[in-house]
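Student: The structure that follows is given in the form of structure tokens.
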Amino acid sequence: MTKQVRQLDRVIIRFAGDSGDGMQLTGDRFTQETASFGNDLSTLPNFPAEIRAPAGTLPGVSSFQVHFADHDILTPGDAPDVLVAMNPAALRANIGDLPKAATIIVDTHDFTNRNLTRAGYLENPLEDDSLDAFTVHEVDLTSMTVEAVKEFGLSRKDAARAKNMFALGMLSWLYGRPIDPTIKFLERRFAKAPDIRDANLTAFKAGWNFGETTETFAVSYEVKPAPMEPGTYRNITGNLALAYGLIAASQRSGLPLFLGSYPITPASDILHELSKHKRFGVTTFQAEDEIAGVGAALGAAFGGALGVTTSSGPGIALKAETIGLGVMMELPLIVCDIQRGGPSTGLPTKTEQADLLQAMFGRNSESPLPIVAPCSPSDCFDAAIEAARIAVTYRTPVMLLSDGYLANGSEPWHLPEVDALPVIEPGFATETNHETADGKQEYWPYKRDDETLARPWALPGTAGLEHRIGGIEKADGTGNISYDPNNHDLMVRTRQAKVDRVADSLPPTEVDDPDGDARVLVLGWGSTYGPIGAAVRQVRGAGGSVAQAHIRHLNPFPKDLGDVLGRYERVLVPEMNLGQLSMLLRAKYLVDVVGYNAVRGLPFVSTELAEAIADLVSSLDPTLDTAPSTTEEVRR
Amino acid sequence: MTTTDLPFPGLSGVPTTDEPQNRKDFSSDQEVRWCPGCGDYAVLAAVQGFLPDLGLRRENIVFVSGIGCSSRFPYYLDTFGMHSIHGRAPAIATGLATTRSDLSVWVVTGDGDALSIGGNHLIHALRRNVNMTILLFNNRIYGLTKGQYSPTSETGKVTKSTPVGSVDTPFNPVSLALGAEATFVARTLDSDRKHLTEVLRASAAHRGTSLVEIYQNCPIFNDGAFDSFKDKDTRDDAIIPLRHGEPIRFGAEGQYGVVREHTSGAFFAVEVADVDESELHVHDAHAIDASAAFGLSRLTDAGHLHRAPIGIFRDVDRPTYDDQARQQVATARETSGAGDLAALIAGGDAWTVN
Ligand code: SF4
């Protein structure tokens, strides 16, 4: 029979199962298919910190959400239209996020008394009326998978493991996804294990065929490709983009990349990725601890490498003293903080942006350093290059603040022309720079560039420029140890002034104010860019006028930021913390910004944020009702 | 000439110079600020006197230190130098040595710096065998913070922070280093210029991490800690000299020797007259197995020092971390060519929109 095909402009699907069910892989493959089909997309993986929590329990549930559309979108979506639940726990853990009329596709195989109890169900939800508000498709995915792959003689357990590919095949049919990329992927991935490869391929195709033949699904759906600017695209996660950005910075500066790192969630993938690219002259050093990771990076920087360390909040706390040494010695160093929920161990696999003040002030004494924050997964590439530019040009540690949402989330990336990427000039010192009264030529390691206030960078191996640096206060110019009170005052101010000078090199703040009459500005930073943009669109869609700006440089701020803030009657600052940027803005500009703060370990729910924006907009003009009328992400 | 023929294989890859050098070339213009009589002066003089022997270009030598009295060392040498933070010098030097095969890298540290706050970095540097020499100045006390006990102070030590005596068991730095898979471990004395220089020479010749423990007197806070090794009347009985290939004998008349008990494998000092001379242990610094070196290190007094082996405990070859890390990069480039950035970022799943 030919089935009906229904057009949709956007869909949000959440794949959920046990941590051992391969939901991340399933989501990732569906995303790749979707990317190559040409939809715009945004993803949100969500997994437990435990590697394998007890099977079938709520803490063991892992999920992957993908939002794809025929137009440009900004977020992985607030609420899934479709939930694929591989067991009772996956259903129970996610049901609360579903809007009415959502579709649930459920693998019935594990709905046994034992598993229902384990998931905390007293009654089987498939048998009572608790799912009446939803469209439920009950499918015994596991049994069908086992049946489909029985020719390969795998154990029942191994055979059942291919059920995620059956589910993927079924969903691929349902949404008209191209299947070639996944077939090629499986062939590559399991090239060395033909049985497993064939079982997965068979399960995947069986899932597709099942979709086409079963009466469970009367219709399939089509989401047309989104119009995109001409060019080459790929799908990319933030951690991958960040790793590539560091390699690009190395190539564009001619400095060999050295990464000193200690494994930590959610930053480890950067270490894994960079360790694969030795061809690019990349050296990765898995250190004995966080402190050694940054120490080795700083040592490498002293020798003329592009020194990088990657970590998350707890690791950054450990690195603080060494970063301070970098501030004192004025050497380039890139410190990547992939923020996660805290304090302490906190929520290792969840996102947060609460390390801003740690980045600003988390060292002893006056220890300023520039801070750069990417706003989307692909932006991590550019932000890494920008961090390197500032570090090398100004001879300073730079903090790059990504987070768990950017790190693991993905989006299509319009690939840049490599030759158009910025060139970074290390400008090493090659000769003496000072003449003494008696005509002797000397090298002064703390004699500064007039424009940038950067000190010269003389590498070991450069004859005549032998010098000693360290953590003790330096005499201005000579760099000799100095305990002189006035010199210390001068040096403290100079280090601050140097970081402030970075602002001279920054572009003006981009403000998006299409109506030109907005009285409210929404100002964000980091990974909230997508959710804020989606909320702003909702408010505008409902007739509200609101301006949006997003800052990438948290220290120093762009020079025009004070003026921008001053142009609006109210400034709303949404942050996944308790108001850290708000605090900095209030302190610096004496502007009474309004915070919107949520620290749930998840990106903002755009609809809720839209309500907050709308409230602020209508508080200035009570005749206006700009409350968003939809809970869906709206078009621009 | 092959690498092993060089006088200092540990330094192959570091540019040399034909220009004659002397100790003044290695003295910086900075005023030395240790207390009068501090053992650090003697070590500095020995190092400044020895460095010209290496025949290296001065600009290719780097001294990295941590925090403590001895860590001021780099300021007084006219080479490249970094006076870093407490305990971290081995980690910093690891990054430098790994990225720069053309540098001769030295770490200067103390018993507090290396064994307390920086203990983790020390043991990991040793097991990795990064090509560098670590000079560990052991004065068995905290000098810079004015006299607290250190992790090498004898149990019962009365100090400012332990008015009724410390209750900690001290580290034996040589035992620790051997346990951490060190490939070169030696002990020497600040006051014995000749022996110190000999050990420095051997440590420079060694490719890998060399740990040199230097007994260093702190006349201000722990004066006389090593007097047994310096006093004419006691030193012959106190110093158990380790010389590769020779039976271990000591005492003014060579009347003492070291034997190994067969059942336990432990070492004991004995009167030579009481044993058959053939039973004296012949020191083998190049033994692959470290247990004899470890056993010998246990002849060090744990309390006040009256007796300890001095010399090179262990000197064996093992591939270094930095050589291998660089080799991996070189191999990747040889086999697959230098990386192509555009190809890298495009990956395998790119698509084109027209
Ligand atoms: S306190 Fe002791 S170790 Fe430190 S400089 Fe003075 S004498 Fe030397």
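So you can find residues: chains in the structure tokens are A, B, ... in the order shown, residues in each start at 1, and ligands are numbered from 1 in order.
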Each residue of chain A lying at most 6 Å from chain B should get a row with its shortest atom-to-atom pair and the distance in Å to one decimal, counting only C-alpha atoms; could you produce that, ordered by chain and increasing number, as JSON lines?
Tutor:
```
{"residue": "A:Pro230", "atom": "CA", "partner": "B:Asn354", "partner_atom": "CA", "distance": 4.7}
{"residue": "A:Gly231", "atom": "CA", "partner": "B:Val353", "partner_atom": "CA", "distance": 5.3}
{"residue": "A:Thr232", "atom": "CA", "partner": "B:Thr352", "partner_atom": "CA", "distance": 4.3}
{"residue": "A:Tyr233", "atom": "CA", "partner": "B:Trp351", "partner_atom": "CA", "distance": 5.3}
{"residue": "A:Arg234", "atom": "CA", "partner": "B:Ala350", "partner_atom": "CA", "distance": 4.4}
{"residue": "A:Lys278", "atom": "CA", "partner": "B:Val329", "partner_atom": "CA", "distance": 4.8}
{"residue": "A:Arg279", "atom": "CA", "partner": "B:Arg333", "partner_atom": "CA", "distance": 4.7}
{"residue": "A:Phe280", "atom": "CA", "partner": "B:Gly339", "partner_atom": "CA", "distance": 4.8}
{"residue": "A:Ala292", "atom": "CA", "partner": "B:Ala91", "partner_atom": "CA", "distance": 5.0}
{"residue": "A:Gly295", "atom": "CA", "partner": "B:Ile92", "partner_atom": "CA", "distance": 4.6}
{"residue": "A:Ala296", "atom": "CA", "partner": "B:Gly95", "partner_atom": "CA", "distance": 3.9}
{"residue": "A:Ala297", "atom": "CA", "partner": "B:Gly95", "partner_atom": "CA", "distance": 5.8}
{"residue": "A:Gly299", "atom": "CA", "partner": "B:Ile92", "partner_atom": "CA", "distance": 4.4}
{"residue": "A:Ala300", "atom": "CA", "partner": "B:Leu96", "partner_atom": "CA", "distance": 4.4}
{"residue": "A:Gly303", "atom": "CA", "partner": "B:Leu96", "partner_atom": "CA", "distance": 5.7}
{"residue": "A:Val418", "atom": "CA", "partner": "B:Ala342", "partner_atom": "CA", "distance": 5.9}
{"residue": "A:Pro460", "atom": "CA", "partner": "B:Asn60", "partner_atom": "CA", "distance": 5.9}
{"residue": "A:Gly461", "atom": "CA", "partner": "B:Asn60", "partner_atom": "CA", "distance": 4.6}
{"residue": "A:Thr462", "atom": "CA", "partner": "B:Glu59", "partner_atom": "CA", "distance": 6.0}
{"residue": "A:Ala463", "atom": "CA", "partner": "B:Glu59", "partner_atom": "CA", "distance": 5.3}
{"residue": "A:Glu466", "atom": "CA", "partner": "B:Phe80", "partner_atom": "CA", "distance": 4.8}
{"residue": "A:His467", "atom": "CA", "partner": "B:Phe80", "partner_atom": "CA", "distance": 5.1}
{"residue": "A:Arg468", "atom": "CA", "partner": "B:Gly81", "partner_atom": "CA", "distance": 4.4}
{"residue": "A:Ile469", "atom": "CA", "partner": "B:Met82", "partner_atom": "CA", "distance": 5.0}
{"residue": "A:Gly470", "atom": "CA", "partner": "B:His83", "partner_atom": "CA", "distance": 4.3}
{"residue": "A:Gly471", "atom": "CA", "partner": "B:Ser84", "partner_atom": "CA", "distance": 5.7}
```
Student: I need the residues from that last selection saved to file as a short mmCIF file (atom, residue, chain, number, x, y, z; two decimals), in the first residue's frame (with N, CA, C and O atoms), if you can.
Tutor:
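part12.cif written:
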```
data_model
loop_
_atom_site.label_atom_id
_atom_site.label_comp_id
_atom_site.auth_asym_id
_atom_site.auth_seq_id
_atom_site.Cartn_x
_atom_site.Cartn_y
_atom_site.Cartn_z
N PRO A 230 24.63 29.24 0.08
CA PRO A 230 25.47 28.29 -0.65
C PRO A 230 26.79 28.07 0.08
O PRO A 230 27.32 28.99 0.70
N GLY A 231 27.27 26.87 0.01
CA GLY A 231 28.55 26.57 0.65
C GLY A 231 28.60 25.13 1.07
O GLY A 231 27.67 24.36 0.83
N THR A 232 29.70 24.77 1.72
CA THR A 232 29.85 23.41 2.21
C THR A 232 29.54 23.39 3.70
O THR A 232 29.96 24.28 4.44
N TYR A 233 28.80 22.38 4.09
CA TYR A 233 28.36 22.27 5.48
C TYR A 233 28.74 20.92 6.06
O TYR A 233 28.93 19.95 5.33
N ARG A 234 28.81 20.87 7.37
CA ARG A 234 28.88 19.60 8.07
C ARG A 234 28.19 19.80 9.41
O ARG A 234 27.97 20.93 9.85
N LYS A 278 48.30 14.19 15.35
CA LYS A 278 49.74 14.42 15.44
C LYS A 278 50.31 14.93 14.12
O LYS A 278 51.31 15.63 14.10
N ARG A 279 49.67 14.58 13.02
CA ARG A 279 50.12 15.07 11.70
C ARG A 279 50.20 16.59 11.66
O ARG A 279 50.93 17.15 10.87
N PHE A 280 49.36 17.21 12.47
CA PHE A 280 49.36 18.67 12.50
C PHE A 280 50.39 19.21 13.49
O PHE A 280 50.35 20.38 13.86
N ALA A 292 49.36 19.68 36.77
CA ALA A 292 50.45 19.34 35.84
C ALA A 292 50.03 19.61 34.41
O ALA A 292 50.86 20.00 33.57
N GLY A 295 50.49 23.23 33.99
CA GLY A 295 51.91 23.52 34.18
C GLY A 295 52.72 23.16 32.94
O GLY A 295 53.53 23.94 32.45
N ALA A 296 52.45 21.98 32.40
CA ALA A 296 53.17 21.54 31.20
C ALA A 296 52.84 22.46 30.02
O ALA A 296 53.71 22.80 29.22
N ALA A 297 51.58 22.89 29.95
CA ALA A 297 51.20 23.79 28.86
C ALA A 297 51.95 25.12 28.99
O ALA A 297 52.40 25.69 27.99
N GLY A 299 54.85 25.52 30.51
CA GLY A 299 56.25 25.24 30.18
C GLY A 299 56.46 25.20 28.67
O GLY A 299 57.45 25.73 28.15
N ALA A 300 55.51 24.59 27.98
CA ALA A 300 55.60 24.53 26.52
C ALA A 300 55.50 25.92 25.92
O ALA A 300 56.18 26.26 24.94
N GLY A 303 58.60 27.74 25.92
CA GLY A 303 59.45 27.28 24.83
C GLY A 303 58.93 27.64 23.45
O GLY A 303 59.54 27.24 22.45
N VAL A 418 39.62 28.14 4.66
CA VAL A 418 40.79 28.07 5.54
C VAL A 418 41.72 29.27 5.33
O VAL A 418 42.25 29.84 6.28
N PRO A 460 63.86 30.38 24.61
CA PRO A 460 65.13 29.70 24.88
C PRO A 460 65.74 29.26 23.55
O PRO A 460 65.00 28.83 22.65
N GLY A 461 67.03 29.40 23.44
CA GLY A 461 67.69 29.08 22.18
C GLY A 461 68.05 30.34 21.41
O GLY A 461 68.75 30.27 20.40
N THR A 462 67.54 31.50 21.86
CA THR A 462 67.85 32.75 21.19
C THR A 462 69.06 33.38 21.88
O THR A 462 68.95 33.84 23.02
N ALA A 463 70.19 33.39 21.19
CA ALA A 463 71.44 33.85 21.80
C ALA A 463 71.34 35.32 22.19
O ALA A 463 70.78 36.14 21.46
N GLU A 466 69.12 35.59 26.93
CA GLU A 466 68.94 34.78 28.14
C GLU A 466 68.31 35.66 29.22
O GLU A 466 68.74 36.80 29.43
N HIS A 467 67.29 35.14 29.87
CA HIS A 467 66.66 35.89 30.95
C HIS A 467 65.91 34.94 31.85
O HIS A 467 65.68 33.78 31.50
N ARG A 468 65.53 35.42 33.01
CA ARG A 468 64.82 34.63 33.99
C ARG A 468 63.48 35.30 34.28
O ARG A 468 63.43 36.52 34.48
N ILE A 469 62.43 34.50 34.27
CA ILE A 469 61.14 35.03 34.69
C ILE A 469 60.58 34.14 35.79
O ILE A 469 61.13 33.06 36.04
N GLY A 470 59.52 34.58 36.41
CA GLY A 470 58.98 33.77 37.49
C GLY A 470 57.80 34.45 38.15
O GLY A 470 57.26 35.43 37.65
N GLY A 471 57.41 33.89 39.27
CA GLY A 471 56.20 34.35 39.93
C GLY A 471 56.38 35.54 40.86
O GLY A 471 55.41 36.16 41.29
#
```
Student: Please check which protein, DNA or RNA residues sit within 8 Å of ligand 1, counting only C-alpha atoms and all ligand atoms, and write them as a ChimeraX atom specification.
Tutor: /B:33-40,68-70,139,142-144,146-147,216-222
Student: If we count only C-alpha atoms and set the cut-off at 9 Å, which residues sit around B:His283, ignoring sequence neighbours fewer than 5 positions away in its own chain? Please answer as a ChimeraX atom specification.
Tutor: /B:242-248,292-293,313
Student: For A:Asp419, which residue among A:Ile12, A:Gln4, A:Gly60, A:Gln251 is the nearest when counting only C-alpha atoms?
Tutor: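 Among the listed residues, the smallest separation from A:Asp419 belongs to A:Gln251.
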Student: Which neighbours of stretch 497-502 of chain A fall inside 12 Å, counting only C-alpha atoms, when residues of the same chain fewer than 3 positions from it are skipped, and could you give them as a PyMOL selection string?
Tutor: chain A and resi 327+330+360+366-372+386-387+389-398+448-455+490-494+505-507+553-559
Student: Would you mind listing what lies within 12 Å of B:Gly265 as a PyMOL selection string, with only C-alpha atoms counted and same-chain residues fewer than 3 positions away left out?
Tutor: chain B and resi 259-262+268+281+291-296+298
Student: Could you take the residues named above and write them with all heavy atoms, as a short mmCIF file (atom, residue, chain, number, x, y, z; two decimals), in the first residue's frame?
Tutor:
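Contents of part.cif, as written:
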```cif
data_model
loop_
_atom_site.label_atom_id
_atom_site.label_comp_id
_atom_site.auth_asym_id
_atom_site.auth_seq_id
_atom_site.Cartn_x
_atom_site.Cartn_y
_atom_site.Cartn_z
N VAL B 259 77.08 -6.36 52.70
CA VAL B 259 76.74 -7.69 52.19
C VAL B 259 75.23 -7.78 52.02
O VAL B 259 74.47 -7.03 52.62
CB VAL B 259 77.21 -8.82 53.14
CG1 VAL B 259 78.72 -8.82 53.28
CG2 VAL B 259 76.52 -8.69 54.49
N ARG B 260 74.85 -8.73 51.18
CA ARG B 260 73.41 -8.93 50.95
C ARG B 260 73.02 -10.28 51.54
O ARG B 260 73.65 -11.30 51.22
CB ARG B 260 73.14 -8.92 49.46
CG ARG B 260 71.68 -8.93 49.12
CD ARG B 260 71.47 -8.78 47.63
NE ARG B 260 70.11 -8.34 47.36
CZ ARG B 260 69.63 -8.11 46.14
NH1 ARG B 260 70.42 -8.26 45.08
NH2 ARG B 260 68.39 -7.72 45.98
N GLU B 261 72.04 -10.25 52.36
CA GLU B 261 71.58 -11.49 52.96
C GLU B 261 70.78 -12.27 51.92
O GLU B 261 69.92 -11.73 51.26
CB GLU B 261 70.70 -11.19 54.18
CG GLU B 261 70.60 -12.35 55.12
CD GLU B 261 69.39 -12.23 56.01
OE1 GLU B 261 68.26 -12.21 55.47
OE2 GLU B 261 69.56 -12.14 57.23
N HIS B 262 71.09 -13.54 51.79
CA HIS B 262 70.52 -14.29 50.67
C HIS B 262 69.03 -14.52 50.79
O HIS B 262 68.30 -14.40 49.83
CB HIS B 262 71.26 -15.62 50.50
CG HIS B 262 72.66 -15.39 50.03
ND1 HIS B 262 72.94 -14.79 48.82
CD2 HIS B 262 73.87 -15.61 50.62
CE1 HIS B 262 74.24 -14.67 48.67
NE2 HIS B 262 74.84 -15.15 49.76
N PHE B 268 73.27 -5.28 54.56
CA PHE B 268 73.76 -4.94 55.89
C PHE B 268 75.20 -4.45 55.79
O PHE B 268 75.96 -4.90 54.94
CB PHE B 268 73.76 -6.18 56.80
CG PHE B 268 72.36 -6.69 57.08
CD1 PHE B 268 71.84 -7.74 56.32
CD2 PHE B 268 71.59 -6.10 58.06
CE1 PHE B 268 70.55 -8.20 56.56
CE2 PHE B 268 70.31 -6.57 58.30
CZ PHE B 268 69.78 -7.61 57.56
N HIS B 281 79.15 -7.03 48.59
CA HIS B 281 78.29 -6.75 47.43
C HIS B 281 79.02 -5.86 46.43
O HIS B 281 79.60 -4.83 46.77
CB HIS B 281 77.00 -6.05 47.88
CG HIS B 281 76.09 -5.72 46.74
ND1 HIS B 281 75.35 -6.68 46.09
CD2 HIS B 281 75.83 -4.55 46.11
CE1 HIS B 281 74.65 -6.10 45.12
NE2 HIS B 281 74.93 -4.81 45.11
N SER B 291 65.97 -3.74 42.47
CA SER B 291 65.84 -4.12 43.88
C SER B 291 67.14 -3.98 44.67
O SER B 291 67.11 -3.60 45.84
CB SER B 291 65.24 -5.52 44.04
OG SER B 291 65.80 -6.40 43.13
N ALA B 292 68.29 -4.22 44.03
CA ALA B 292 69.55 -4.03 44.76
C ALA B 292 69.75 -2.55 45.08
O ALA B 292 70.14 -2.19 46.19
CB ALA B 292 70.72 -4.58 43.95
N ALA B 293 69.46 -1.70 44.09
CA ALA B 293 69.61 -0.25 44.33
C ALA B 293 68.69 0.18 45.46
O ALA B 293 69.07 0.95 46.35
CB ALA B 293 69.28 0.52 43.05
N PHE B 294 67.47 -0.37 45.46
CA PHE B 294 66.53 -0.02 46.52
C PHE B 294 67.06 -0.51 47.86
O PHE B 294 67.05 0.20 48.86
CB PHE B 294 65.15 -0.62 46.24
CG PHE B 294 64.11 -0.23 47.24
CD1 PHE B 294 63.44 0.98 47.10
CD2 PHE B 294 63.83 -1.03 48.33
CE1 PHE B 294 62.50 1.37 48.04
CE2 PHE B 294 62.88 -0.65 49.28
CZ PHE B 294 62.22 0.55 49.13
N GLY B 295 67.54 -1.75 47.87
CA GLY B 295 68.07 -2.31 49.11
C GLY B 295 69.21 -1.46 49.65
O GLY B 295 69.27 -1.18 50.86
N LEU B 296 70.07 -1.00 48.76
CA LEU B 296 71.18 -0.16 49.21
C LEU B 296 70.67 1.16 49.78
O LEU B 296 71.20 1.68 50.76
CB LEU B 296 72.14 0.11 48.04
CG LEU B 296 72.98 -1.10 47.59
CD1 LEU B 296 73.71 -0.79 46.29
CD2 LEU B 296 73.97 -1.50 48.69
N ARG B 298 68.21 1.61 51.48
CA ARG B 298 67.69 1.42 52.83
C ARG B 298 68.79 1.45 53.88
O ARG B 298 68.51 1.42 55.08
CB ARG B 298 66.91 0.09 52.95
CG ARG B 298 65.80 -0.11 51.95
CD ARG B 298 64.90 1.08 51.79
NE ARG B 298 64.07 1.32 52.95
CZ ARG B 298 63.35 2.42 53.15
NH1 ARG B 298 63.39 3.40 52.26
NH2 ARG B 298 62.63 2.57 54.23
#
```
Student: What are the DSSP alpha helix (DSSP H) residues of stretch 59-122 of chain B, as a PyMOL selection string?
Tutor: chain B and resi 89-99+111-112+119-122
Student: Could you check which of B:Asn172, B:Ser191, B:Thr263, B:Thr133 is closest to B:Val105, using only C-alpha atoms?
Tutor: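 Under the stated criterion, the closest residue is B:Thr133.
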Student: From stretch 130-327 of chain B, collect each residue whose DSSP state is strand (DSSP E) and return the set as number ranges by chain.
Tutor: B: 132-138, 184-189, 209-215, 239-242, 249-250, 256-260, 267-271, 308-315
Student: Near A:Asn87, counting only C-alpha atoms, which residues have an atom at most 8 Å away, once you skip same-chain residues fewer than 6 positions from it, shown as a list in words?
Tutor: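 Counting only the stated atoms, we get Gly17, Asp18, Gly56, Val106, Asp107, Thr108, His109, Asp110 and Phe111 of chain A.
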Student: Return the single residue from B:Ala225, B:Leu122, B:Val212, B:Val164 that is closest to B:Ile141, with distances computed using only C-alpha atoms.
Tutor: B:Ala225
Student: Report, in Å to a single decimal, how far apart atom CA of B:Tyr41 and atom CA of B:Leu305 are.
Tutor: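 Separation between atom CA of B:Leu305 and atom CA of B:Tyr41: 21.9 Å.
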Student: May I have the residues within 7 Å of B:Arg207 as a VMD selection string, using only C-alpha atoms and disregarding those fewer than 2 positions away in the same chain?
Tutor: chain B and resid 9 to 10 131 205 209
Student: Okay, now the selection with all heavy atoms, as a CSV table (one decimal), in the first residue's frame?
Tutor:
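Below you can see again.csv, which holds the result:
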```csv
chain,number,residue,atom,x,y,z
B,9,PRO,N,75.4,11.7,26.0
B,9,PRO,CA,74.2,11.3,25.1
B,9,PRO,C,72.9,11.9,25.6
B,9,PRO,O,72.0,12.1,24.8
B,9,PRO,CB,74.2,9.8,25.3
B,9,PRO,CG,75.1,9.5,26.4
B,9,PRO,CD,76.0,10.6,26.6
B,10,GLY,N,72.8,12.2,26.9
B,10,GLY,CA,71.6,12.8,27.4
B,10,GLY,C,71.3,14.1,26.8
B,10,GLY,O,70.2,14.6,26.8
B,131,ASN,N,63.4,13.7,29.6
B,131,ASN,CA,64.9,14.0,29.6
B,131,ASN,C,65.2,15.3,30.3
B,131,ASN,O,65.1,16.4,29.7
B,131,ASN,CB,65.4,14.0,28.1
B,131,ASN,CG,66.9,14.0,28.1
B,131,ASN,OD1,67.6,13.6,29.1
B,131,ASN,ND2,67.5,14.5,27.0
B,205,ALA,N,74.9,13.0,31.3
B,205,ALA,CA,75.2,12.0,30.3
B,205,ALA,C,74.0,11.1,30.1
B,205,ALA,O,73.7,10.5,29.1
B,205,ALA,CB,76.4,11.2,30.7
B,209,THR,N,65.1,11.1,33.0
B,209,THR,CA,65.0,11.9,34.2
B,209,THR,C,66.1,11.4,35.1
B,209,THR,O,66.2,10.3,35.5
B,209,THR,CB,63.7,11.8,34.9
B,209,THR,OG1,62.7,12.1,33.9
B,209,THR,CG2,63.6,12.8,36.0
```
Student: In Å, rounded to a single decimal, give me how far atom CA of A:Leu306 is from atom CA of A:Leu255.
Tutor: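 For atom CA of A:Leu255 relative to atom CA of A:Leu306, the distance reads 5.4 Å.
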